[in-house]
Each structure stands twice: as C-alpha cells, then as structure tokens.
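Asks: My structure is below; once you've seen it, I'll send some questions.
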Amino acid sequence: YQRRVRGPMSFNVEERESFLRLHLGGDYYDYHYFWLRHNCNCMKGCRHGETGERIIDSTEVPMNIKPHQVLILPESPNHALLLKWPPNDHTSVYDVQFLVDNAYCKNRKEIPSPPSEVKLIELDFNYFLLKYQDPTQPRQLSEDGMKAYRESLGEKLISYGAVVVRNRGLDTEQIIKDLLPEDCDVIHTHFGRIEDLRTDNTTNVNTDQLGYTNSAVELHTDQPFIENPPGLQALHCIRPADEGGSNSIVDAKHAAIYLKQTDPIAFHMISTVPVRFHRKQAKFER
C-alpha cells in the first residue's frame, strides 16, 4: 500500500506500509513511523516546555504505529508535514528541513523480503511414487526414485532452509532413513531420541516445557544452549489438530542475509556479540 501527497515544487510524500517516503529535489528519504512518532517536537507531551528535552518514552510507542492522516502544510514557510496519530489524534508537525537534516535512510536501495510462499518448499511424495514406484514393495521408491527424492529434498533445504513433505505416511523411522545415511542416527537430546509432542506424553523425559502442552509456541531456535545445535530438524505430523495447529517456519540464513542488506549495523551486532543461552527445567540444567 502506498499513497502520495503532493507538496510545492518537487516535494511530495508516499505513505508506505511501515514508513513514510519523502521525495525532494531528486532524492528520497525514508522515515519509519515509529521514528517519526518518537521524534515529535511538540511541547504537549513530547518535549519539555521549558528545557526542550524529549520526554516521550519510546517504550510507550507501539512498534507498529501508523498515522491515520498525513498532510502537507503549503502555507508553512519551511514546508512542513502534519501527521495525526492514533489513538487520540495526537498531532505532530515536522519541518522538511528537520527531516532532511536528520535523515537516516537517504536513497536507500529497496531490497525485497525473502520469499514466503509455502509452495516453494513443498514436495509431494506421491509425485515420486507415480514416477519411481518400486514394483516389489507398496509405497516404496526404486533406487533411482530415492535418489531423485533425496536430491529434491536437498535442493529445497539449500535454497530455502526448509522443506515440507506431503503424503509421506506415518512411519517416522522410514522418514529418518530418507534424510540420513545408513550409518547415521538422530541426535539424542535431554528429551530422548524422538520427541512425542503431545499433552499425554509418557515416552519422553523432561516434559515440563511448552511443547508438551496445548499452548502455542512462538518462533524459536531449538537447543541453542548446547555447543553444537542440530543442523537439521524434522517435525512429523502424525495427526492434524482438530482446531488451530498452524505452523510458521523461518529460514534463518536468508533472514540474516536480508538483515545484513537492510541494517548492516544490526547484523554486525548480532553476528559478533557472543550470547550465552541457559536452559533450566525441573530436572535438567545446562
């Protein structure tokens, strides 16, 4: 979504989804709505009336704030923008020169977000069965079929960091064989060899964590507290949820590449500052 508001001469603005773009003299400047709201210069709760110091608390500004009105004030000698913010119509006025002087995203290159279409990471096992069915065994691939299937798995993992396989069946051990060489096995964790993520679990240990409840578990990285976290993790859906049960997957590698392109300082910080993870449960700590 974007909307243009035209001002005098070559001055106009675009309302983007998360930022305002100012066009001026052949250049453009981007300002995130959060930054604009936090940098309101009014003396009615944002700056101190006597000292001029900022008194608005950034932690009280919603990260997803967005103005519901953007106006150019043509009568202003300095060419100003007027923004009105929810929830109480707070009004902010910004001189264009103030925005130019404090620009932090001048003529930035627009970088598309990593793809998020599920179809890009899907594989249908039935497709390989139709093409490479082993004539001697039901629902088994021939040697050439298994090779083609594994190559497709690898291509998806390398390209997108994840793969969703449809119609593979309920044999978890067979799926493990699909993914690993014959002389390899899954890595045991403090939960056991394979986690049975269900509320009535009786096969695992250290089940005092969210994965064994009916609570949602937000995006996270598993096992970051061990020296060598698993490089590959498989989740096998045995029974779809009767209600809810939606899942989200993040390609951390491409998310990091995107961050490096859009915010090099933030990328440098998270890639160079050591972070120590600590796991503590009733009968486990590391």
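FYI, nothing fancy with the structure tokens labels: chains A, B, ... in order, residues from 1 per chain, ligands from 1 as they appear.
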Mind checking which residues fall within 10 Å of Leu170 in chain A, counting only C-alpha atoms, ignoring those fewer than 3 positions away in the same chain, and posting them as a list in words?
Replies: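 Within the cut-off, the hits are Asn167, Glu173, Gln174, Ile175, His236, Cys237, Ile238 and Arg239 of chain A.
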Asks: Generate the output file for the selected residues, N, CA, C and O atoms, as a PDB file, in the first residue's frame.
Replies:
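Heads up, here's the output in out-v9.pdb:
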```
ATOM      1  N   ASN A 167       2.248 -36.275   2.164  1.00  0.00           N
ATOM      2  CA  ASN A 167       1.866 -37.666   1.834  1.00  0.00           C
ATOM      3  C   ASN A 167       3.003 -38.670   1.992  1.00  0.00           C
ATOM      4  O   ASN A 167       3.093 -39.639   1.246  1.00  0.00           O
ATOM      5  N   GLU A 173      10.325 -43.725  11.463  1.00  0.00           N
ATOM      6  CA  GLU A 173      11.657 -44.301  11.262  1.00  0.00           C
ATOM      7  C   GLU A 173      12.026 -44.325   9.785  1.00  0.00           C
ATOM      8  O   GLU A 173      13.190 -44.111   9.424  1.00  0.00           O
ATOM      9  N   GLN A 174      11.050 -44.547   8.919  1.00  0.00           N
ATOM     10  CA  GLN A 174      11.339 -44.538   7.487  1.00  0.00           C
ATOM     11  C   GLN A 174      11.705 -43.135   7.016  1.00  0.00           C
ATOM     12  O   GLN A 174      12.584 -42.938   6.176  1.00  0.00           O
ATOM     13  N   ILE A 175      11.023 -42.131   7.583  1.00  0.00           N
ATOM     14  CA  ILE A 175      11.331 -40.741   7.227  1.00  0.00           C
ATOM     15  C   ILE A 175      12.745 -40.391   7.663  1.00  0.00           C
ATOM     16  O   ILE A 175      13.472 -39.681   6.953  1.00  0.00           O
ATOM     17  N   HIS A 236       7.334 -34.310  12.368  1.00  0.00           N
ATOM     18  CA  HIS A 236       6.452 -35.239  11.671  1.00  0.00           C
ATOM     19  C   HIS A 236       5.036 -35.103  12.230  1.00  0.00           C
ATOM     20  O   HIS A 236       4.803 -35.361  13.409  1.00  0.00           O
ATOM     21  N   CYS A 237       4.104 -34.665  11.387  1.00  0.00           N
ATOM     22  CA  CYS A 237       2.717 -34.515  11.825  1.00  0.00           C
ATOM     23  C   CYS A 237       2.020 -35.871  11.756  1.00  0.00           C
ATOM     24  O   CYS A 237       1.788 -36.416  10.678  1.00  0.00           O
ATOM     25  N   ILE A 238       1.683 -36.414  12.923  1.00  0.00           N
ATOM     26  CA  ILE A 238       1.002 -37.703  12.991  1.00  0.00           C
ATOM     27  C   ILE A 238      -0.509 -37.521  12.865  1.00  0.00           C
ATOM     28  O   ILE A 238      -1.186 -38.267  12.167  1.00  0.00           O
ATOM     29  N   ARG A 239      -1.017 -36.504  13.549  1.00  0.00           N
ATOM     30  CA  ARG A 239      -2.463 -36.230  13.477  1.00  0.00           C
ATOM     31  C   ARG A 239      -2.676 -34.731  13.464  1.00  0.00           C
ATOM     32  O   ARG A 239      -2.274 -34.037  14.402  1.00  0.00           O
TER      33      ARG A 239
END
```
Asks: For Tyr31 in chain A, work out the shell of residues within 7 Å, counting only C-alpha atoms and skipping chain neighbours fewer than 3 positions away, then give it as a list in words.
Replies: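 Counting only C-alpha atoms, the residues come to Phe19, Leu20, Arg21, Trp35 and Leu36 of chain A.
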Asks: Write out the residues from the selection above, keeping C-alpha atoms, as an mmCIF file, in the first residue's frame.
Replies:
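Here's the written file out.cif:
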```cif
data_model
loop_
_atom_site.group_PDB
_atom_site.id
_atom_site.type_symbol
_atom_site.label_atom_id
_atom_site.label_comp_id
_atom_site.auth_asym_id
_atom_site.auth_seq_id
_atom_site.Cartn_x
_atom_site.Cartn_y
_atom_site.Cartn_z
ATOM 1 C CA PHE A 19 7.389 4.089 6.703
ATOM 2 C CA LEU A 20 6.916 7.489 5.097
ATOM 3 C CA ARG A 21 8.927 8.341 1.992
ATOM 4 C CA TRP A 35 10.839 7.052 14.483
ATOM 5 C CA LEU A 36 8.520 9.884 13.437
#
```
Asks: What lies within 9 Å of range 182-190 of chain A using only C-alpha atoms, ignoring chain neighbours under 4 positions off, as a short mmCIF file (atom, residue, chain, number, x, y, z; two decimals) with N, CA, C and O atoms, in the first residue's frame?
Replies:
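Output file part14.cif follows:
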```
data_model
loop_
_atom_site.label_atom_id
_atom_site.label_comp_id
_atom_site.auth_asym_id
_atom_site.auth_seq_id
_atom_site.Cartn_x
_atom_site.Cartn_y
_atom_site.Cartn_z
N ILE A 176 13.16 -40.89 8.82
CA ILE A 176 14.54 -40.66 9.28
C ILE A 176 15.52 -41.26 8.29
O ILE A 176 16.54 -40.64 7.94
N LYS A 177 15.21 -42.46 7.78
CA LYS A 177 16.09 -43.10 6.80
C LYS A 177 16.14 -42.28 5.50
O LYS A 177 17.16 -42.26 4.82
N ILE A 194 13.52 -39.36 20.16
CA ILE A 194 12.47 -38.70 19.38
C ILE A 194 11.46 -38.12 20.36
O ILE A 194 11.04 -38.79 21.30
N GLU A 195 11.07 -36.90 20.12
CA GLU A 195 10.06 -36.27 20.98
C GLU A 195 8.66 -36.57 20.48
O GLU A 195 8.37 -36.41 19.29
N ASN A 204 8.69 -39.60 26.86
CA ASN A 204 9.84 -38.72 26.96
C ASN A 204 10.09 -38.29 28.40
O ASN A 204 9.25 -38.47 29.28
N VAL A 205 11.27 -37.72 28.63
CA VAL A 205 11.62 -37.17 29.94
C VAL A 205 11.73 -35.66 29.80
O VAL A 205 11.78 -35.11 28.71
N ASN A 206 11.77 -35.00 30.95
CA ASN A 206 11.89 -33.53 30.98
C ASN A 206 10.78 -32.86 30.14
O ASN A 206 11.04 -31.97 29.32
N GLN A 223 17.48 -26.00 21.04
CA GLN A 223 18.77 -26.43 21.56
C GLN A 223 19.91 -25.42 21.37
O GLN A 223 21.06 -25.82 21.12
N PRO A 230 21.59 -29.05 16.66
CA PRO A 230 21.30 -29.86 15.47
C PRO A 230 21.25 -29.00 14.21
O PRO A 230 20.65 -27.92 14.20
N PHE A 284 16.65 -30.72 34.74
CA PHE A 284 17.70 -30.54 33.73
C PHE A 284 18.15 -29.09 33.74
O PHE A 284 17.34 -28.17 33.81
#
```
Asks: Mind pulling up the distance from CA of Val165 in chain A to CA of Leu153 in chain A?
Replies: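 CA of Val165 in chain A lies 8.6 Å from CA of Leu153 in chain A.
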Asks: For Thr59 in chain A, which residue among A:His32, A:His38, A:Arg108, A:His268 is the nearest when counting only C-alpha atoms?
Replies: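 Nearest candidate to Thr59 in chain A out of A:His32, A:His38, A:Arg108, A:His268: A:His38.
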Asks: Would you list the contacts of Arg54 in chain A as a compact mmCIF listing (two decimals) with N, CA and C atoms, in the first residue's frame, taking every protein, DNA or RNA residue within 9 Å and counting only C-alpha atoms, but skipping same-chain residues closer than 6 positions in sequence?
Replies:
```txt
# COMPACT_ATOMS: atom_id res chain seq x y z
N HIS A 38 8.26 9.03 17.72
CA HIS A 38 9.16 9.25 18.84
C HIS A 38 9.88 10.59 18.71
N ASN A 39 10.02 11.09 17.50
CA ASN A 39 10.72 12.36 17.28
C ASN A 39 9.76 13.53 17.06
N CYS A 40 8.57 13.41 17.57
CA CYS A 40 7.64 14.54 17.55
C CYS A 40 8.23 15.66 18.41
N ASN A 41 8.21 16.88 17.90
CA ASN A 41 8.83 18.01 18.59
C ASN A 41 7.83 18.92 19.29
N GLY A 45 3.65 17.02 25.57
CA GLY A 45 3.90 15.65 25.99
C GLY A 45 5.08 14.98 25.33
N CYS A 46 5.68 15.64 24.32
CA CYS A 46 6.82 15.05 23.62
C CYS A 46 8.13 15.76 23.94
N ARG A 47 8.08 17.08 24.09
CA ARG A 47 9.23 17.87 24.52
C ARG A 47 8.84 18.69 25.75
N HIS A 48 9.82 18.90 26.63
CA HIS A 48 9.56 19.69 27.83
C HIS A 48 9.38 21.15 27.44
```
Asks: Rounded to one decimal, what separation in Å do you get between CA of Pro67 in chain A and CA of Gly25 in chain A?
Replies: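 Pair CA of Pro67 in chain A / CA of Gly25 in chain A returns 24.7 Å.
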